[in-house]
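Reproduced below: protein31.txt, with compact mmCIF, C-alpha atoms (C1' of nucleotides).
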# COMPACT_ATOMS: atom_id res chain seq x y z
CA MET A 20 29.20 51.72 41.27
CA GLY A 21 28.64 53.35 37.92
CA THR A 22 24.90 53.75 38.27
CA VAL A 23 23.55 57.27 37.82
CA LYS A 24 21.76 58.76 40.79
CA LYS A 25 18.75 60.80 39.77
CA ARG A 26 18.21 63.70 42.11
CA SER A 27 14.68 64.30 40.88
CA ASN A 28 12.56 63.46 37.86
CA CYS A 29 13.05 66.92 36.36
CA LEU A 30 14.37 66.55 32.81
CA LEU A 31 17.00 69.22 33.31
CA SER A 32 18.18 67.75 36.57
CA SER A 33 18.38 64.26 35.08
CA SER A 34 20.40 65.62 32.17
CA LEU A 35 22.80 67.41 34.46
CA ASP A 36 23.23 64.17 36.40
CA ILE A 37 24.80 62.85 33.19
CA PHE A 38 26.73 65.74 31.65
CA GLY A 39 26.48 68.54 34.20
CA ASP A 40 30.14 68.86 35.05
CA LYS A 41 33.11 70.79 33.75
CA TRP A 42 34.48 68.04 31.49
CA SER A 43 31.89 65.81 29.86
CA LEU A 44 30.69 68.30 27.26
CA LEU A 45 34.29 69.17 26.40
CA ILE A 46 34.93 65.55 25.48
CA ILE A 47 31.78 65.59 23.37
CA ARG A 48 32.99 68.81 21.77
CA ASP A 49 36.34 67.21 20.91
CA LEU A 50 34.56 64.28 19.30
CA MET A 51 32.17 66.55 17.41
CA PHE A 52 34.38 69.33 16.16
CA ASN A 53 38.03 68.67 16.80
CA ASN A 54 38.61 65.31 15.18
CA LYS A 55 39.77 63.85 18.47
CA ASN A 56 38.83 60.30 19.16
CA THR A 57 41.48 58.63 21.26
CA TYR A 58 42.38 58.86 24.91
CA ASN A 59 45.55 60.77 24.24
CA ASP A 60 43.75 63.15 21.91
CA PHE A 61 41.46 64.17 24.76
CA LEU A 62 44.37 64.43 27.19
CA LYS A 63 46.08 66.90 24.88
CA SER A 64 43.16 69.33 24.77
CA ALA A 65 43.82 72.88 25.86
CA GLU A 66 41.91 72.66 29.14
CA GLY A 67 44.26 70.00 30.50
CA ILE A 68 42.07 67.27 31.91
CA ALA A 69 43.78 64.96 34.42
CA THR A 70 44.20 61.39 33.25
CA ASN A 71 42.17 59.80 36.03
CA ILE A 72 39.34 62.28 35.53
CA LEU A 73 39.36 61.59 31.80
CA ALA A 74 39.14 57.85 32.44
CA SER A 75 36.21 58.32 34.81
CA ARG A 76 34.37 60.68 32.45
CA LEU A 77 34.81 58.36 29.48
CA LYS A 78 33.43 55.56 31.60
CA GLY A 79 30.45 57.66 32.63
CA LEU A 80 29.72 58.83 29.09
CA GLU A 81 29.90 55.25 27.87
CA GLU A 82 27.67 53.95 30.66
CA ASN A 83 25.12 56.58 29.75
CA GLY A 84 25.27 55.70 26.08
CA LEU A 85 26.66 58.99 24.77
CA ILE A 86 29.86 57.49 23.43
CA GLU A 87 31.16 54.04 22.65
CA LYS A 88 34.50 52.36 22.22
CA SER A 89 35.53 50.60 19.05
CA GLU A 90 38.56 49.28 17.22
CA HIS A 91 40.90 51.86 15.83
CA PRO A 92 41.38 51.29 12.11
CA GLY A 93 44.99 52.45 12.19
CA SER A 94 46.42 50.59 15.15
CA ARG A 95 45.49 47.77 17.45
CA ALA A 96 47.08 49.63 20.37
CA LYS A 97 44.59 52.45 20.06
CA ILE A 98 40.96 52.65 21.08
CA LEU A 99 38.62 54.72 18.99
CA TYR A 100 35.95 56.61 20.88
CA ARG A 101 32.85 57.58 18.93
CA LEU A 102 29.68 59.49 19.58
CA THR A 103 26.46 57.50 19.58
CA PRO A 104 23.28 59.04 18.14
CA LYS A 105 22.36 59.94 21.72
CA GLY A 106 25.61 61.85 21.99
CA ILE A 107 25.25 63.45 18.58
CA GLU A 108 21.83 64.70 19.60
CA LEU A 109 23.54 67.02 22.08
CA LEU A 110 24.66 69.13 19.13
CA PRO A 111 21.79 71.65 19.52
CA VAL A 112 22.64 72.10 23.18
CA ILE A 113 26.26 72.76 22.38
CA ILE A 114 25.35 75.18 19.61
CA GLU A 115 23.06 77.15 21.91
CA ILE A 116 25.78 77.41 24.53
CA HIS A 117 28.09 78.78 21.84
CA LEU A 118 25.51 81.32 20.74
CA TRP A 119 25.07 82.46 24.31
CA ALA A 120 28.80 82.63 24.94
CA GLU A 121 29.44 84.57 21.76
CA LYS A 122 27.84 87.60 23.39
CA TYR A 123 29.99 87.51 26.48
CA PHE A 124 33.43 86.21 25.51
CA THR A 125 35.91 87.01 22.84
CA ILE A 126 35.36 84.72 19.91
CA PRO A 127 38.20 82.32 19.14
CA SER A 128 39.53 82.50 15.62
CA GLY A 129 38.02 80.16 13.12
CA ILE A 130 34.58 79.58 14.52
CA GLU A 131 33.01 82.83 13.42
CA PRO A 132 31.75 81.43 10.11
CA THR A 133 30.03 78.57 11.90
CA LEU A 134 28.45 80.94 14.42
CA LYS A 135 27.19 83.10 11.59
CA GLU A 136 25.73 80.09 9.86
CA ALA A 137 24.12 78.98 13.14
CA LYS A 138 22.36 82.31 13.39
CA LYS A 139 21.35 82.42 9.76
CA ASP A 140 19.99 78.91 9.40
CA ARG A 141 20.26 76.96 12.56
CA GLU A 142 18.31 73.94 11.38
CA ALA A 143 20.40 73.58 8.26
CA LEU A 144 23.62 73.68 10.25
CA ILE A 145 22.40 71.10 12.73
CA LYS A 146 21.23 68.87 9.93
CA SER A 147 24.50 69.05 8.04
CA ILE A 148 26.76 68.49 11.04
CA THR A 149 24.53 65.70 12.30
CA LYS A 150 24.68 64.04 8.93
CA SER A 151 28.45 63.99 8.81
CA LEU A 152 28.69 62.81 12.41
CA MET A 153 26.26 59.99 11.70
CA GLU A 154 28.31 58.94 8.72
CA ASN A 155 31.30 58.55 11.01
CA ILE A 156 29.37 56.00 13.02
CA SER A 157 28.91 53.56 10.16
CA LEU A 158 32.51 53.17 9.15
CA MET B 13 38.51 84.75 45.52
CA GLY B 14 35.41 85.01 43.42
CA THR B 15 37.19 85.46 40.09
CA VAL B 16 36.41 82.96 37.38
CA LYS B 17 39.33 80.92 36.10
CA LYS B 18 39.14 80.38 32.38
CA ARG B 19 40.62 77.03 31.40
CA SER B 20 40.90 77.98 27.75
CA ASN B 21 39.42 80.51 25.37
CA CYS B 22 36.98 77.98 23.93
CA LEU B 23 33.45 79.41 24.17
CA LEU B 24 32.04 76.16 25.48
CA SER B 25 34.76 75.79 28.08
CA SER B 26 34.34 79.38 29.25
CA SER B 27 30.60 78.83 29.56
CA LEU B 28 31.07 75.67 31.59
CA ASP B 29 33.44 77.59 33.85
CA ILE B 30 30.37 79.63 34.79
CA PHE B 31 27.42 77.22 34.82
CA GLY B 32 28.97 73.80 34.22
CA ASP B 33 28.03 72.18 37.48
CA LYS B 34 25.12 70.24 38.86
CA TRP B 35 23.34 73.18 40.52
CA SER B 36 23.64 76.51 38.70
CA LEU B 37 21.23 75.72 35.88
CA LEU B 38 18.73 74.34 38.37
CA ILE B 39 18.66 77.69 40.15
CA ILE B 40 18.16 79.39 36.78
CA ARG B 41 15.38 76.91 36.03
CA ASP B 42 13.66 77.74 39.32
CA LEU B 43 13.84 81.43 38.51
CA MET B 44 12.60 80.88 34.94
CA PHE B 45 9.82 78.39 35.36
CA ASN B 46 9.00 77.71 38.96
CA ASN B 47 8.27 81.15 40.38
CA LYS B 48 11.01 80.73 42.93
CA ASN B 49 12.99 83.82 43.79
CA THR B 50 14.14 83.67 47.38
CA TYR B 51 16.84 81.71 49.13
CA ASN B 52 14.37 79.46 50.89
CA ASP B 53 12.48 78.84 47.66
CA PHE B 54 15.64 77.41 46.12
CA LEU B 55 16.42 75.40 49.23
CA LYS B 56 13.02 73.72 49.03
CA SER B 57 13.50 72.44 45.48
CA ALA B 58 13.18 68.73 44.92
CA GLU B 59 16.88 68.10 44.33
CA GLY B 60 17.80 69.21 47.84
CA ILE B 61 20.69 71.60 47.48
CA ALA B 62 22.76 72.13 50.63
CA THR B 63 22.55 75.58 52.11
CA ASN B 64 26.25 76.40 51.85
CA ILE B 65 26.33 75.23 48.24
CA LEU B 66 23.31 77.34 47.44
CA ALA B 67 24.97 80.39 48.96
CA SER B 68 28.14 79.82 46.94
CA ARG B 69 26.22 79.23 43.70
CA LEU B 70 24.12 82.34 44.15
CA LYS B 71 27.30 84.29 44.74
CA GLY B 72 28.88 82.88 41.60
CA LEU B 73 25.84 83.50 39.45
CA GLU B 74 25.68 87.05 40.71
CA GLU B 75 29.39 87.66 40.13
CA ASN B 76 28.97 86.44 36.60
CA GLY B 77 25.98 88.66 36.00
CA LEU B 78 23.36 85.95 35.47
CA ILE B 79 21.26 86.94 38.46
CA GLU B 80 20.98 89.91 40.76
CA LYS B 81 19.67 90.64 44.21
CA SER B 82 16.98 93.20 44.88
CA GLU B 83 14.52 94.25 47.52
CA HIS B 84 11.60 91.97 48.10
CA PRO B 85 8.36 93.89 47.66
CA GLY B 86 6.62 91.88 50.36
CA SER B 87 9.11 91.86 53.18
CA ARG B 88 12.31 93.58 54.18
CA ALA B 89 13.59 90.32 55.65
CA LYS B 90 13.55 88.68 52.24
CA ILE B 91 15.88 89.11 49.32
CA LEU B 92 14.47 88.82 45.85
CA TYR B 93 16.71 87.11 43.31
CA ARG B 94 16.07 87.91 39.66
CA LEU B 95 17.46 86.83 36.34
CA THR B 96 19.37 89.43 34.38
CA PRO B 97 19.07 89.54 30.58
CA LYS B 98 22.30 87.54 30.47
CA GLY B 99 20.62 84.87 32.58
CA ILE B 100 17.40 85.00 30.61
CA GLU B 101 19.39 84.40 27.45
CA LEU B 102 20.17 80.92 28.71
CA LEU B 103 16.59 79.96 27.93
CA PRO B 104 17.44 78.39 24.54
CA VAL B 105 20.13 76.27 26.18
CA ILE B 106 17.70 75.03 28.80
CA ILE B 107 15.04 74.32 26.20
CA GLU B 108 17.46 72.27 24.10
CA ILE B 109 18.49 70.24 27.11
CA HIS B 110 14.83 69.52 27.74
CA LEU B 111 14.27 68.46 24.15
CA TRP B 112 17.23 66.13 24.37
CA ALA B 113 16.14 64.71 27.71
CA GLU B 114 12.61 64.15 26.51
CA LYS B 115 13.87 61.29 24.36
CA TYR B 116 15.65 59.50 27.18
CA PHE B 117 13.70 60.09 30.39
CA THR B 118 10.09 59.80 31.40
CA ILE B 119 8.44 63.16 31.00
CA PRO B 120 7.23 64.79 34.21
CA SER B 121 3.56 65.71 34.24
CA GLY B 122 2.70 69.20 33.18
CA ILE B 123 5.53 70.06 30.85
CA GLU B 124 4.35 68.10 27.83
CA PRO B 125 2.40 71.03 26.33
CA THR B 126 5.48 73.25 26.55
CA LEU B 127 7.67 70.59 24.98
CA LYS B 128 5.17 70.20 22.17
CA GLU B 129 5.13 73.95 21.63
CA ALA B 130 8.94 73.99 21.65
CA LYS B 131 8.99 71.48 18.84
CA LYS B 132 6.25 73.14 16.86
CA ASP B 133 7.47 76.71 17.03
CA ARG B 134 10.66 77.07 18.99
CA GLU B 135 11.27 80.71 18.20
CA ALA B 136 7.79 81.72 19.23
CA LEU B 137 8.10 79.93 22.54
CA ILE B 138 11.47 81.49 23.27
CA LYS B 139 10.17 84.91 22.37
CA SER B 140 7.09 84.64 24.55
CA ILE B 141 8.88 83.26 27.62
CA THR B 142 11.67 85.80 27.21
CA LYS B 143 9.16 88.60 27.03
CA SER B 144 7.46 87.65 30.28
CA LEU B 145 10.80 87.15 32.00
CA MET B 146 11.99 90.55 30.86
CA GLU B 147 8.84 92.13 32.18
CA ASN B 148 9.65 90.73 35.60
CA ILE B 149 12.89 92.65 35.58
CA SER B 150 11.30 96.06 35.34
CA LEU B 151 9.02 95.84 38.35
C1' DT C 28 65.56 41.35 18.20
C1' DA C 29 66.27 44.28 21.98
C1' DA C 30 65.20 48.81 23.64
C1' DA C 31 62.52 52.76 23.59
C1' DT C 32 58.21 54.80 22.87
C1' DT C 33 53.16 55.09 22.57
C1' DA C 34 48.58 54.16 24.22
C1' DG C 35 45.27 53.56 27.72
C1' DC C 36 44.71 53.26 31.65
C1' DT C 37 45.34 52.42 37.44
C1' DT C 38 47.13 53.64 41.90
C1' DG C 39 48.68 56.58 45.71
C1' DC C 40 48.50 60.72 47.75
C1' DT C 41 47.14 65.52 48.64
C1' DA C 42 44.24 69.42 47.99
C1' DA C 43 39.87 71.15 47.17
C1' DT C 44 34.99 70.76 47.10
C1' DT C 45 30.63 68.96 48.74
C1' DG C 46 27.22 68.21 51.92
C1' DC C 47 25.20 67.69 56.54
C1' DA C 48 24.13 69.86 60.89
C1' DA C 49 24.16 73.42 63.80
C1' DG C 50 24.41 78.25 64.78
C1' DT C 51 23.89 83.52 64.01
C1' DG C 52 21.60 87.88 63.61
C1' DG C 53 18.12 90.75 61.86
C1' DA C 54 12.94 90.98 60.50
C1' DT C 55 8.47 89.58 61.19
C1' DA C 56 4.41 87.43 63.06
C1' DT C 57 1.81 86.14 67.57
C1' DA D 15 8.25 89.45 74.56
C1' DT D 16 8.73 85.36 72.35
C1' DA D 17 8.86 82.46 68.70
C1' DT D 18 9.45 81.88 63.98
C1' DC D 19 11.23 83.19 59.41
C1' DC D 20 14.91 84.46 56.45
C1' DA D 21 19.44 84.53 54.59
C1' DC D 22 23.06 83.13 55.41
C1' DT D 23 27.96 81.31 58.05
C1' DT D 24 30.74 77.92 60.33
C1' DG D 25 32.60 73.37 61.62
C1' DC D 26 33.47 69.04 60.28
C1' DA D 27 33.31 64.60 57.80
C1' DA D 28 33.08 62.55 53.35
C1' DT D 29 33.56 62.68 48.65
C1' DT D 30 35.78 64.24 44.48
C1' DA D 31 39.50 66.46 41.78
C1' DG D 32 43.94 66.66 40.36
C1' DC D 33 48.99 65.72 40.23
C1' DA D 34 52.60 62.34 39.63
C1' DA D 35 54.11 57.92 39.08
C1' DG D 36 53.61 53.30 37.56
C1' DC D 37 51.95 49.39 34.69
C1' DT D 38 50.77 46.38 30.68
C1' DA D 39 50.24 45.56 25.94
C1' DA D 40 51.21 47.14 21.28
C1' DT D 41 54.19 49.47 18.23
C1' DT D 42 58.06 51.85 16.47
C1' DT D 43 63.21 52.52 16.42
C1' DA D 44 67.95 51.04 16.45
As structure tokens, the full file:
Amino acid sequence: MGTVKKRSNCLLSSSLDIFGDKWSLLIIRDLMFNNKNTYNDFLKSAEGIATNILASRLKGLEENGLIEKSEHPGSRAKILYRLTPKGIELLPVIIEIHLWAEKYFTIPSGIEPTLKEAKKDREALIKSITKSLMENISL
Amino acid sequence: MGTVKKRSNCLLSSSLDIFGDKWSLLIIRDLMFNNKNTYNDFLKSAEGIATNILASRLKGLEENGLIEKSEHPGSRAKILYRLTPKGIELLPVIIEIHLWAEKYFTIPSGIEPTLKEAKKDREALIKSITKSLMENISL
DNA sequence: TAAATTAGCTTGCTAATTGCAAGTGGATAT
DNA sequence: ATATCCACTTGCAATTAGCAAGCTAATTTA
């Protein structure tokens, strides 16, 4: 059921088989930048994902090794979703999409400094965000 | 009908509203790397896009200014699709997806040199591919 | 300690989208 | 003149998306 169907052996196509939809990268974004890590956190995001779609996307992302479930330190009722290294490695992709979008959409308040940093020293930004995301893993 | 619905003002979300599906970036890829620029070229790609889906994606990409139609120099029956600068600027996104995918999928024959170049001198590669794509525009 | 709320889902149903197959109409090759 | 190519459109079945409601276990509130 959950197996991924590869349409071709093209790297881009295989990648889109995993995260080429309107929701998966938004969940990754929430985990990366918005301090969201529970089911209800994702549900509350501005785009308004439907609960069944969220469940299916979380399942897909987990099956493909981009995220993983773990115990929530604060409550046994909650499940903590975390990025794996494989998920964290999508950071450059997400940054490049932002840099593209910056030219064509109005920039939301607050992210301008990060965009500026991305343009000034992209590698440094990736390294520093990656580092802090990786630290979250080993908690 | 053709208007884009923005789910939020997040740059990533707005971008995915445009190309966040399983086909749009593959059409861009074909235009960028595979010397495909007619309807039937796209139809023949390995992933096997359905003809009605192709028509709707081409329409969407055109409405969003990523591609444009023009006269085919060889035949009046054909339509030549071309990337606009806005479409060409997606090159870094596509490269980053490739670099991510390289770690998790078997690498198709032929692209290894380009991947190596992307890792060695990313900016140079982007600049050189962009240049040749831009030259295509003014023909 | 009982009742209400929170958290993470599942289920049922409807609407929208996808994808296959066939068809259309103009341009081109034979 | 006929057949084929090209860029689609249309019809229809199947899949997917999305809304609303429900469900179970854990937790908070009264």
At a cut-off of 9 Å, list the chain A residues touching chain C, using only C-alpha atoms (C1' of nucleotides), as a PyMOL selection string.
chain A and resi 57-59+70-71+74+96-98
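Set the cut-off at 7 Å, count only C-alpha atoms, and the residues of chain B near chain A turn out to be Arg19, Ser20, Asn21, Cys22, Leu23, Leu24, Ser25, Ser27, Leu28, Asp29, Gly32, Asp33, Lys34, Leu38, Ala58, Glu59, Glu101, Leu102, Pro104, Val105, Glu108, Ile109, His110, Trp112, Ala113, Glu114, Phe117 and Pro120 of chain B.
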Where does chain D meet chain B within 10 Å, residue by residue, with the nearest atom pair and distance in Å to one decimal for each, counting all atoms listed in the file, listed by chain and rising number, as JSON lines?
{"residue": "D:DC19", "atom": "C1'", "partner": "B:Ala89", "partner_atom": "CA", "distance": 8.4}
{"residue": "D:DC20", "atom": "C1'", "partner": "B:Ala89", "partner_atom": "CA", "distance": 6.1}
{"residue": "D:DA21", "atom": "C1'", "partner": "B:Tyr51", "partner_atom": "CA", "distance": 6.7}
{"residue": "D:DC22", "atom": "C1'", "partner": "B:Ala67", "partner_atom": "CA", "distance": 7.3}
{"residue": "D:DT23", "atom": "C1'", "partner": "B:Asn64", "partner_atom": "CA", "distance": 8.1}
{"residue": "D:DT24", "atom": "C1'", "partner": "B:Asn64", "partner_atom": "CA", "distance": 9.7}
Quote the spacing between atom CA of Ala69 of chain A and atom CA of Asn155 of chain A in Å to one decimal place.
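Computed distance, atom CA of Ala69 of chain A to atom CA of Asn155 of chain A, equals 27.3 Å.
The space separating atom CA of Ile79 of chain B from atom CA of Tyr93 of chain B comes to 6.7 Å.
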Using atom CA of Leu77 of chain A and atom CA of Leu152 of chain A as the two end points, give the distance in Å to one decimal.
18.7 Å
Restore N, CA and C atoms in segment 93-104 of chain A and list the result as a PDB file, in the coordinates of the input.
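Resulting contents of selection_20.pdb:
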ATOM      1  N   GLY A  93      43.573  52.268  12.488  1.00  0.00           N
ATOM      2  CA  GLY A  93      44.990  52.450  12.190  1.00  0.00           C
ATOM      3  C   GLY A  93      45.933  51.631  13.042  1.00  0.00           C
ATOM      4  N   SER A  94      45.511  51.280  14.242  1.00  0.00           N
ATOM      5  CA  SER A  94      46.420  50.590  15.150  1.00  0.00           C
ATOM      6  C   SER A  94      45.663  49.789  16.192  1.00  0.00           C
ATOM      7  N   ARG A  95      46.156  48.589  16.456  1.00  0.00           N
ATOM      8  CA  ARG A  95      45.490  47.770  17.450  1.00  0.00           C
ATOM      9  C   ARG A  95      45.765  48.251  18.865  1.00  0.00           C
ATOM     10  N   ALA A  96      46.778  49.100  19.037  1.00  0.00           N
ATOM     11  CA  ALA A  96      47.080  49.630  20.370  1.00  0.00           C
ATOM     12  C   ALA A  96      46.092  50.712  20.765  1.00  0.00           C
ATOM     13  N   LYS A  97      45.475  51.325  19.775  1.00  0.00           N
ATOM     14  CA  LYS A  97      44.590  52.450  20.060  1.00  0.00           C
ATOM     15  C   LYS A  97      43.134  52.024  20.201  1.00  0.00           C
ATOM     16  N   ILE A  98      42.406  52.818  20.977  1.00  0.00           N
ATOM     17  CA  ILE A  98      40.960  52.650  21.080  1.00  0.00           C
ATOM     18  C   ILE A  98      40.305  53.867  20.462  1.00  0.00           C
ATOM     19  N   LEU A  99      39.336  53.624  19.619  1.00  0.00           N
ATOM     20  CA  LEU A  99      38.620  54.720  18.990  1.00  0.00           C
ATOM     21  C   LEU A  99      37.336  54.993  19.746  1.00  0.00           C
ATOM     22  N   TYR A 100      37.191  56.200  20.235  1.00  0.00           N
ATOM     23  CA  TYR A 100      35.950  56.610  20.880  1.00  0.00           C
ATOM     24  C   TYR A 100      35.068  57.308  19.855  1.00  0.00           C
ATOM     25  N   ARG A 101      33.790  56.970  19.872  1.00  0.00           N
ATOM     26  CA  ARG A 101      32.850  57.580  18.930  1.00  0.00           C
ATOM     27  C   ARG A 101      31.598  58.040  19.632  1.00  0.00           C
ATOM     28  N   LEU A 102      30.978  59.064  19.090  1.00  0.00           N
ATOM     29  CA  LEU A 102      29.680  59.490  19.580  1.00  0.00           C
ATOM     30  C   LEU A 102      28.614  58.505  19.116  1.00  0.00           C
ATOM     31  N   THR A 103      27.667  58.227  19.983  1.00  0.00           N
ATOM     32  CA  THR A 103      26.460  57.500  19.580  1.00  0.00           C
ATOM     33  C   THR A 103      25.443  58.525  19.084  1.00  0.00           C
ATOM     34  N   PRO A 104      24.345  58.076  18.491  1.00  0.00           N
ATOM     35  CA  PRO A 104      23.280  59.040  18.140  1.00  0.00           C
ATOM     36  C   PRO A 104      22.852  59.866  19.355  1.00  0.00           C
TER      37      PRO A 104
END
